[in-house]
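Q: Structure file final_30.csv, CSV, C-alpha atoms, is pasted below:
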```csv
chain,number,residue,atom,x,y,z
A,2,MET,CA,-21.0,-8.3,19.7
A,3,SER,CA,-20.4,-10.7,16.9
A,4,GLN,CA,-18.4,-10.0,13.8
A,5,HIS,CA,-20.5,-9.4,10.6
A,6,ARG,CA,-20.0,-8.4,7.0
A,7,HIS,CA,-20.3,-4.8,5.9
A,8,PRO,CA,-23.4,-4.2,3.7
A,9,GLY,CA,-22.5,-5.0,0.1
A,10,ALA,CA,-19.5,-7.2,1.0
A,11,PRO,CA,-19.0,-10.4,-1.0
A,12,GLY,CA,-21.4,-13.2,0.0
A,13,ARG,CA,-24.5,-10.9,0.2
A,14,ALA,CA,-26.4,-11.8,-2.9
A,15,GLY,CA,-28.1,-8.8,-4.5
A,16,ALA,CA,-26.6,-6.4,-1.9
A,17,VAL,CA,-25.9,-2.9,-3.1
A,18,PRO,CA,-22.2,-2.3,-2.8
A,19,ALA,CA,-21.5,0.3,-0.1
A,20,LEU,CA,-18.2,1.4,1.3
A,21,PRO,CA,-17.6,3.0,4.8
A,22,ASP,CA,-16.3,6.5,4.9
A,23,LEU,CA,-12.9,5.6,6.3
A,24,PRO,CA,-10.3,8.1,7.8
A,25,GLU,CA,-7.1,8.2,5.7
A,26,ALA,CA,-5.1,6.9,8.6
A,27,THR,CA,-7.3,3.8,8.8
A,28,VAL,CA,-7.0,3.2,5.1
A,29,ALA,CA,-3.2,3.4,5.4
A,30,ARG,CA,-3.2,0.7,8.2
A,31,LEU,CA,-5.6,-1.8,6.5
A,32,PRO,CA,-2.8,-3.2,4.2
A,33,GLU,CA,-0.7,-3.9,7.3
A,34,TYR,CA,-3.6,-5.8,8.9
A,35,LEU,CA,-4.2,-7.7,5.7
A,36,ARG,CA,-0.5,-8.7,5.4
A,37,ALA,CA,-0.6,-9.9,9.1
A,38,LEU,CA,-3.9,-11.8,8.5
A,39,HIS,CA,-2.5,-13.6,5.4
A,40,ASN,CA,0.5,-14.7,7.4
A,41,LEU,CA,-1.7,-15.9,10.2
A,42,ALA,CA,-3.8,-17.8,7.7
A,43,ASP,CA,-0.7,-19.4,6.1
A,44,ASP,CA,0.3,-20.6,9.6
A,45,GLY,CA,-3.1,-22.3,10.1
A,46,HIS,CA,-4.7,-19.8,12.4
A,47,GLU,CA,-8.5,-19.5,12.1
A,48,THR,CA,-9.1,-16.8,14.7
A,49,VAL,CA,-6.9,-14.1,16.2
A,50,SER,CA,-7.4,-11.8,19.2
A,51,SER,CA,-7.1,-8.0,18.7
A,52,GLU,CA,-3.9,-8.1,20.8
A,53,GLY,CA,-2.5,-10.9,18.6
A,54,LEU,CA,-3.4,-9.1,15.4
A,55,SER,CA,-2.1,-5.7,16.6
A,56,ALA,CA,1.2,-7.3,17.6
A,57,ALA,CA,1.5,-9.0,14.2
A,58,ALA,CA,0.7,-5.7,12.4
A,59,GLY,CA,2.8,-3.5,14.7
A,60,VAL,CA,-0.2,-1.3,15.6
A,61,ASN,CA,-1.7,-0.3,19.0
A,62,SER,CA,-4.6,-2.7,19.9
A,63,ALA,CA,-7.0,0.0,20.7
A,64,LYS,CA,-6.3,1.7,17.4
A,65,LEU,CA,-6.8,-1.6,15.6
A,66,ARG,CA,-10.2,-2.2,17.2
A,67,LYS,CA,-11.3,1.2,16.3
A,68,ASP,CA,-10.1,0.8,12.7
A,69,LEU,CA,-11.9,-2.5,12.3
A,70,SER,CA,-15.1,-1.2,13.8
A,71,HIS,CA,-15.3,1.1,10.8
A,72,LEU,CA,-15.7,-2.1,8.7
A,73,GLY,CA,-18.4,-3.4,11.0
A,74,SER,CA,-16.0,-6.0,12.5
A,75,TYR,CA,-16.0,-6.2,16.3
A,76,GLY,CA,-14.9,-9.8,16.8
A,77,THR,CA,-16.4,-12.3,19.2
A,78,ARG,CA,-15.8,-12.0,22.9
A,79,GLY,CA,-13.4,-14.7,24.1
A,80,VAL,CA,-12.7,-15.8,20.6
A,81,GLY,CA,-11.4,-12.9,18.6
A,82,TYR,CA,-11.7,-12.2,14.9
A,83,ASP,CA,-12.4,-14.8,12.2
A,84,VAL,CA,-9.2,-14.6,10.1
A,85,ALA,CA,-10.7,-15.7,6.8
A,86,LEU,CA,-13.8,-13.4,7.2
A,87,LEU,CA,-11.6,-10.4,8.1
A,88,ILE,CA,-9.4,-11.0,5.1
A,89,GLU,CA,-12.5,-11.0,3.0
A,90,GLN,CA,-13.8,-7.8,4.5
A,91,ILE,CA,-10.5,-5.8,4.2
A,92,GLU,CA,-9.9,-7.1,0.6
A,93,TYR,CA,-13.4,-5.9,-0.3
A,94,VAL,CA,-13.0,-2.5,1.2
A,95,LEU,CA,-9.6,-2.1,-0.5
A,96,GLY,CA,-11.0,-3.2,-3.8
A,97,LEU,CA,-8.7,-6.1,-4.1
A,98,THR,CA,-11.3,-8.6,-5.2
A,99,GLN,CA,-11.0,-7.3,-8.8
A,100,ARG,CA,-7.3,-8.2,-9.3
A,101,ARG,CA,-6.5,-4.8,-10.8
A,102,ALA,CA,-4.4,-4.4,-13.9
A,103,VAL,CA,-1.2,-2.3,-13.5
A,104,ALA,CA,1.0,-0.7,-16.2
A,105,LEU,CA,4.6,-0.2,-15.2
A,106,VAL,CA,6.4,2.6,-17.1
A,107,GLY,CA,10.1,2.6,-16.9
A,108,VAL,CA,12.1,-0.7,-16.8
A,109,GLY,CA,15.5,0.5,-15.7
A,110,ASN,CA,17.1,-0.9,-12.6
A,111,LEU,CA,14.2,-0.2,-10.3
A,112,GLY,CA,11.5,-0.9,-12.9
A,113,HIS,CA,13.1,-4.2,-13.8
A,114,ALA,CA,13.1,-5.2,-10.1
A,115,LEU,CA,9.5,-4.3,-9.7
A,116,ALA,CA,8.5,-6.1,-12.9
A,117,GLY,CA,10.2,-9.3,-11.6
A,118,TYR,CA,8.5,-9.2,-8.2
A,119,ASP,CA,6.1,-12.1,-7.8
A,120,GLY,CA,4.4,-10.7,-4.7
A,121,PHE,CA,1.9,-8.5,-6.5
A,122,ALA,CA,-0.3,-11.3,-7.7
A,123,GLY,CA,-1.0,-12.5,-4.1
A,124,ARG,CA,-2.0,-9.0,-3.1
A,125,GLY,CA,-4.7,-8.4,-5.6
A,126,PHE,CA,-2.7,-6.9,-8.5
A,127,ARG,CA,-1.6,-8.0,-12.0
A,128,ILE,CA,1.3,-6.4,-13.8
A,129,ALA,CA,-0.4,-6.4,-17.2
A,130,ALA,CA,2.1,-4.2,-19.2
A,131,LEU,CA,5.7,-3.0,-19.2
A,132,LEU,CA,6.6,0.1,-21.1
A,133,ASP,CA,9.6,2.2,-21.8
A,134,ALA,CA,10.8,5.0,-24.1
A,135,ASP,CA,14.2,3.4,-24.7
A,136,ALA,CA,14.1,1.5,-28.0
A,137,SER,CA,16.9,-0.8,-26.8
A,138,LEU,CA,14.7,-2.1,-24.0
A,139,VAL,CA,11.6,-2.6,-26.1
A,140,GLY,CA,11.1,-6.3,-26.9
A,141,GLU,CA,12.9,-7.5,-23.8
A,142,VAL,CA,11.0,-10.2,-21.9
A,143,ILE,CA,10.7,-9.7,-18.1
A,144,ASN,CA,8.8,-12.2,-15.9
A,145,GLY,CA,6.9,-13.3,-19.0
A,146,LEU,CA,5.9,-9.9,-20.3
A,147,VAL,CA,7.3,-8.2,-23.4
A,148,VAL,CA,8.4,-4.6,-22.9
A,149,ARG,CA,6.5,-2.3,-25.2
A,150,HIS,CA,7.2,1.3,-26.3
A,151,VAL,CA,5.5,3.9,-24.2
A,152,ASP,CA,3.8,5.3,-27.3
A,153,GLU,CA,1.7,2.1,-27.3
A,154,LEU,CA,0.2,3.1,-23.9
A,155,PRO,CA,-3.3,4.0,-25.4
A,156,ALA,CA,-3.6,0.6,-27.1
A,157,VAL,CA,-2.2,-1.2,-24.0
A,158,ALA,CA,-4.6,0.6,-21.6
A,159,ALA,CA,-7.6,-0.4,-23.8
A,160,GLU,CA,-6.4,-4.0,-24.2
A,161,GLU,CA,-5.7,-4.7,-20.6
A,162,SER,CA,-8.2,-2.3,-18.9
A,163,ILE,CA,-5.4,-0.6,-17.0
A,164,SER,CA,-6.6,0.9,-13.7
A,165,ILE,CA,-3.3,1.8,-12.0
A,166,GLY,CA,0.0,3.2,-13.4
A,167,VAL,CA,3.4,2.8,-11.8
A,168,ILE,CA,6.1,5.4,-12.8
A,169,ALA,CA,9.7,4.2,-12.4
A,170,THR,CA,11.3,6.6,-14.8
A,171,PRO,CA,13.9,9.2,-14.2
A,172,ALA,CA,12.5,12.4,-12.7
A,173,ALA,CA,12.8,14.3,-16.0
A,174,ALA,CA,10.4,12.0,-17.7
A,175,ALA,CA,7.9,11.4,-14.9
A,176,GLN,CA,5.5,14.3,-15.6
A,177,ARG,CA,5.3,13.4,-19.3
A,178,VAL,CA,4.5,9.8,-18.4
A,179,ALA,CA,1.9,11.0,-15.8
A,180,ASP,CA,0.2,13.1,-18.5
A,181,GLN,CA,0.1,10.1,-20.8
A,182,LEU,CA,-1.4,7.9,-18.1
A,183,VAL,CA,-4.0,10.5,-17.3
A,184,ALA,CA,-4.8,10.9,-21.0
A,185,VAL,CA,-5.7,7.2,-21.4
A,186,GLY,CA,-8.0,7.3,-18.3
A,187,VAL,CA,-5.7,6.1,-15.5
A,188,THR,CA,-6.8,7.8,-12.3
A,189,SER,CA,-4.4,6.1,-9.8
A,190,ILE,CA,-0.6,6.5,-10.0
A,191,LEU,CA,2.2,5.2,-7.9
A,192,ASN,CA,5.2,7.4,-8.5
A,193,PHE,CA,8.8,6.2,-7.7
A,194,ALA,CA,10.4,9.1,-9.5
A,195,PRO,CA,12.0,11.7,-7.1
A,196,CYS,CA,9.7,14.6,-8.1
A,197,VAL,CA,6.2,16.0,-7.5
A,198,LEU,CA,3.6,15.3,-10.2
A,199,SER,CA,1.0,17.7,-11.3
A,200,VAL,CA,-2.3,15.9,-12.0
A,201,PRO,CA,-5.9,16.9,-12.5
A,202,GLU,CA,-8.4,16.7,-9.7
A,203,GLY,CA,-9.7,13.2,-9.3
A,204,VAL,CA,-6.4,11.5,-10.0
A,205,ASP,CA,-4.7,10.0,-6.9
A,206,VAL,CA,-1.0,9.9,-6.6
A,207,ARG,CA,1.1,8.0,-4.1
A,208,LYS,CA,4.8,8.8,-3.9
A,209,VAL,CA,7.5,6.4,-2.9
A,210,ASP,CA,10.9,8.1,-2.4
A,211,LEU,CA,13.5,5.8,-0.9
A,212,ALA,CA,16.0,8.6,-0.4
A,213,ILE,CA,13.5,10.5,1.7
A,214,GLU,CA,12.9,7.4,3.9
A,215,LEU,CA,16.7,7.0,4.3
A,216,GLN,CA,17.0,10.7,5.3
A,217,ILE,CA,14.3,10.3,7.9
A,218,LEU,CA,16.2,7.3,9.3
A,219,SER,CA,19.4,9.4,9.2
A,220,PHE,CA,17.6,11.9,11.4
A,221,HIS,CA,16.8,9.3,14.0
A,222,GLU,CA,20.4,8.0,13.9
A,223,HIS,CA,21.6,11.6,14.4
A,224,ARG,CA,19.2,12.1,17.3
A,225,LYS,CA,20.2,8.9,19.0
A,226,ALA,CA,23.9,9.8,18.7
A,227,SER,CA,23.3,13.3,20.1
A,228,LEU,CA,21.5,11.9,23.1
A,229,THR,CA,24.2,9.3,23.8
A,230,ALA,CA,26.8,12.1,23.7
A,231,LEU,CA,25.2,13.9,26.6
A,232,PRO,CA,26.9,13.5,30.0
A,233,GLY,CA,26.1,10.1,31.4
A,234,GLY,CA,24.2,9.2,28.2
A,235,LEU,CA,21.0,10.9,29.6
A,236,ALA,CA,18.4,12.3,27.4
A,237,ALA,CA,17.9,16.1,27.4
A,238,ASN,CA,14.7,15.9,29.5
A,239,ASP,CA,16.4,13.6,32.0
A,240,THR,CA,19.3,16.0,32.3
A,241,GLN,CA,17.0,19.0,32.9
A,242,GLU,CA,15.1,17.0,35.6
A,243,ALA,CA,18.4,16.0,37.2
A,244,ILE,CA,19.5,19.7,37.7
A,245,GLY,CA,16.0,20.8,38.8
A,246,THR,CA,15.0,22.8,35.7
```
How would this structure read if it were set down as structure tokens?
A:
Amino acid sequence: MSQHRHPGAPGRAGAVPALPDLPEATVARLPEYLRALHNLADDGHETVSSEGLSAAAGVNSAKLRKDLSHLGSYGTRGVGYDVALLIEQIEYVLGLTQRRAVALVGVGNLGHALAGYDGFAGRGFRIAALLDADASLVGEVINGLVVRHVDELPAVAAEESISIGVIATPAAAAQRVADQLVAVGVTSILNFAPCVLSVPEGVDVRKVDLAIELQILSFHEHRKASLTALPGGLAANDTQEAIGT
């Protein structure tokens, strides 16, 4: 079956925008596919097989084909997927065609690094405002943007049509900042602070905790070390089978 656009996707004049009802797991994988597709496009590839794309994205090929079928993309037998068209479809579904404006609150070490990252622009986002409660940081210029006081958030949100807020403050200040973002109409928040935020229904929060990720990796290191320590370096299951249990 040939690849085709989902109803309402860009390029369909007069079409009524419609989004597929995607499983959360599929939504979580779409950015990985998009990253891989952009890399393929940069390398001059016009088409890619499901196996090639799954390898580039680090995802099982059967799972990838099922995910893309939710978008109405099935590829062409013997050819694969059209890279440019698939990028267009995924960007449309992820809402990246609007280049969403982002407000970053907290320009300490982590916030400063995020503010200086140039990769957001190529992924459909624009860091439109930098804010902090520390008066000594207000007025500093980072990546061409002047840091403003967090009390200016209502004016900034109106001026820049902020749709997403990023919190990179200490944990003690994060809830207060979340409340301020919600008060000015922001309904999507990316939280780097090591705490759980309480937000109203309808506000989506994604949490990034680097310490938790390191702790999970520590578990895997601990597990590998414990398996290696077994007699002969055998895994526990192998050892049980060897003694007939």
Q: With all atoms listed in the file as the atoms that count, which of A:Ala63, A:Leu35, A:Leu115, A:Ala56 lies nearest to Val84 (chain A)?
A: A:Leu35
Q: Using only C-alpha atoms, can you tell me which of A:Gly186, A:Gly76, A:Gly120, A:Gly203 comes closest to Val157 (chain A)?
A: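 Residue with the minimum atom-to-atom distance to Val157 (chain A): A:Gly186.
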Q: Please identify all polymer residues within 8 Å of Ile91 (chain A), counting all atoms listed in the file, omitting same-chain residues fewer than 2 positions from it, and present them as a list of chain:residue names.
A: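 Result of the neighbour search: A:Leu31, A:Leu35, A:Leu72, A:Leu87, A:Ile88, A:Glu89, A:Tyr93, A:Val94, A:Leu95.
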Q: Give the answer as one residue: which of A:Leu215, A:Val60, A:Val49, A:Ser227 has the shortest atom-to-atom distance to Arg78 (chain A), using only C-alpha atoms?
A: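 Closest to Arg78 (chain A), using only C-alpha atoms: A:Val49.
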Q: Using all atoms listed in the file, find the one residue out of A:Asp83, A:Asp119, A:Glu161, A:Glu141 that sits nearest to Leu41 (chain A).
A: A:Asp83
Q: Could you name the residues that touch Leu154 (chain A) at 12 Å or less, counting all atoms listed in the file, but leaving out those on the same chain fewer than 2 positions away, as a VMD selection string?
A: chain A and resid 103 to 106 129 to 134 148 to 152 156 to 163 166 178 to 187
Q: Those residues you just picked out, can you put them in a file as an mmCIF file, in the coordinates of the input with C-alpha atoms?
A:
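To be explicit, this is the file written out as part17.cif:
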```
data_model
loop_
_atom_site.group_PDB
_atom_site.id
_atom_site.type_symbol
_atom_site.label_atom_id
_atom_site.label_comp_id
_atom_site.auth_asym_id
_atom_site.auth_seq_id
_atom_site.Cartn_x
_atom_site.Cartn_y
_atom_site.Cartn_z
ATOM 1 C CA VAL A 103 -1.200 -2.300 -13.500
ATOM 2 C CA ALA A 104 1.000 -0.700 -16.200
ATOM 3 C CA LEU A 105 4.600 -0.200 -15.200
ATOM 4 C CA VAL A 106 6.400 2.600 -17.100
ATOM 5 C CA ALA A 129 -0.400 -6.400 -17.200
ATOM 6 C CA ALA A 130 2.100 -4.200 -19.200
ATOM 7 C CA LEU A 131 5.700 -3.000 -19.200
ATOM 8 C CA LEU A 132 6.600 0.100 -21.100
ATOM 9 C CA ASP A 133 9.600 2.200 -21.800
ATOM 10 C CA ALA A 134 10.800 5.000 -24.100
ATOM 11 C CA VAL A 148 8.400 -4.600 -22.900
ATOM 12 C CA ARG A 149 6.500 -2.300 -25.200
ATOM 13 C CA HIS A 150 7.200 1.300 -26.300
ATOM 14 C CA VAL A 151 5.500 3.900 -24.200
ATOM 15 C CA ASP A 152 3.800 5.300 -27.300
ATOM 16 C CA ALA A 156 -3.600 0.600 -27.100
ATOM 17 C CA VAL A 157 -2.200 -1.200 -24.000
ATOM 18 C CA ALA A 158 -4.600 0.600 -21.600
ATOM 19 C CA ALA A 159 -7.600 -0.400 -23.800
ATOM 20 C CA GLU A 160 -6.400 -4.000 -24.200
ATOM 21 C CA GLU A 161 -5.700 -4.700 -20.600
ATOM 22 C CA SER A 162 -8.200 -2.300 -18.900
ATOM 23 C CA ILE A 163 -5.400 -0.600 -17.000
ATOM 24 C CA GLY A 166 0.000 3.200 -13.400
ATOM 25 C CA VAL A 178 4.500 9.800 -18.400
ATOM 26 C CA ALA A 179 1.900 11.000 -15.800
ATOM 27 C CA ASP A 180 0.200 13.100 -18.500
ATOM 28 C CA GLN A 181 0.100 10.100 -20.800
ATOM 29 C CA LEU A 182 -1.400 7.900 -18.100
ATOM 30 C CA VAL A 183 -4.000 10.500 -17.300
ATOM 31 C CA ALA A 184 -4.800 10.900 -21.000
ATOM 32 C CA VAL A 185 -5.700 7.200 -21.400
ATOM 33 C CA GLY A 186 -8.000 7.300 -18.300
ATOM 34 C CA VAL A 187 -5.700 6.100 -15.500
#
```
Q: Using only C-alpha atoms, what table do you get, as CSV, when you list each residue of region 78-123 of chain A with an atom no more than 12 Å from region 171-175 of chain A, its nearest pair of atoms, and their distance in Å rounded to one decimal, rows by chain then rising number?
A:
```
residue,atom,partner,partner_atom,distance
A:Val106,CA,A:Ala175,CA,9.2
A:Gly107,CA,A:Pro171,CA,8.1
A:Val108,CA,A:Pro171,CA,10.4
A:Gly109,CA,A:Pro171,CA,9.0
A:Asn110,CA,A:Pro171,CA,10.7
A:Leu111,CA,A:Pro171,CA,10.2
A:Gly112,CA,A:Pro171,CA,10.5
```
Q: Taking (-2.1, -4.0, 17.0) in the file's coordinates, which residues come within 12 Å, counting all atoms listed in the file, written as a PyMOL selection string?
A: chain A and resi 30-31+33-34+37-38+49-69
Q: Go ahead and dump the residues you just picked, C-alpha atoms, as a CSV table (one decimal), in the coordinates of the input.
A:
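For reference, out_26.csv as written:
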```csv
chain,number,residue,atom,x,y,z
A,30,ARG,CA,-3.2,0.7,8.2
A,31,LEU,CA,-5.6,-1.8,6.5
A,33,GLU,CA,-0.7,-3.9,7.3
A,34,TYR,CA,-3.6,-5.8,8.9
A,37,ALA,CA,-0.6,-9.9,9.1
A,38,LEU,CA,-3.9,-11.8,8.5
A,49,VAL,CA,-6.9,-14.1,16.2
A,50,SER,CA,-7.4,-11.8,19.2
A,51,SER,CA,-7.1,-8.0,18.7
A,52,GLU,CA,-3.9,-8.1,20.8
A,53,GLY,CA,-2.5,-10.9,18.6
A,54,LEU,CA,-3.4,-9.1,15.4
A,55,SER,CA,-2.1,-5.7,16.6
A,56,ALA,CA,1.2,-7.3,17.6
A,57,ALA,CA,1.5,-9.0,14.2
A,58,ALA,CA,0.7,-5.7,12.4
A,59,GLY,CA,2.8,-3.5,14.7
A,60,VAL,CA,-0.2,-1.3,15.6
A,61,ASN,CA,-1.7,-0.3,19.0
A,62,SER,CA,-4.6,-2.7,19.9
A,63,ALA,CA,-7.0,0.0,20.7
A,64,LYS,CA,-6.3,1.7,17.4
A,65,LEU,CA,-6.8,-1.6,15.6
A,66,ARG,CA,-10.2,-2.2,17.2
A,67,LYS,CA,-11.3,1.2,16.3
A,68,ASP,CA,-10.1,0.8,12.7
A,69,LEU,CA,-11.9,-2.5,12.3
```
Q: Enter the distance from CA of Leu97 (chain A) to CA of Pro32 (chain A), in Å, rounded to one decimal.
A: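 Here the two named atoms are 10.6 Å from each other.
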Q: Which value, in Å to one decimal, gives the distance between CA of Val197 (chain A) and CA of Glu214 (chain A)?
A: 15.8 Å
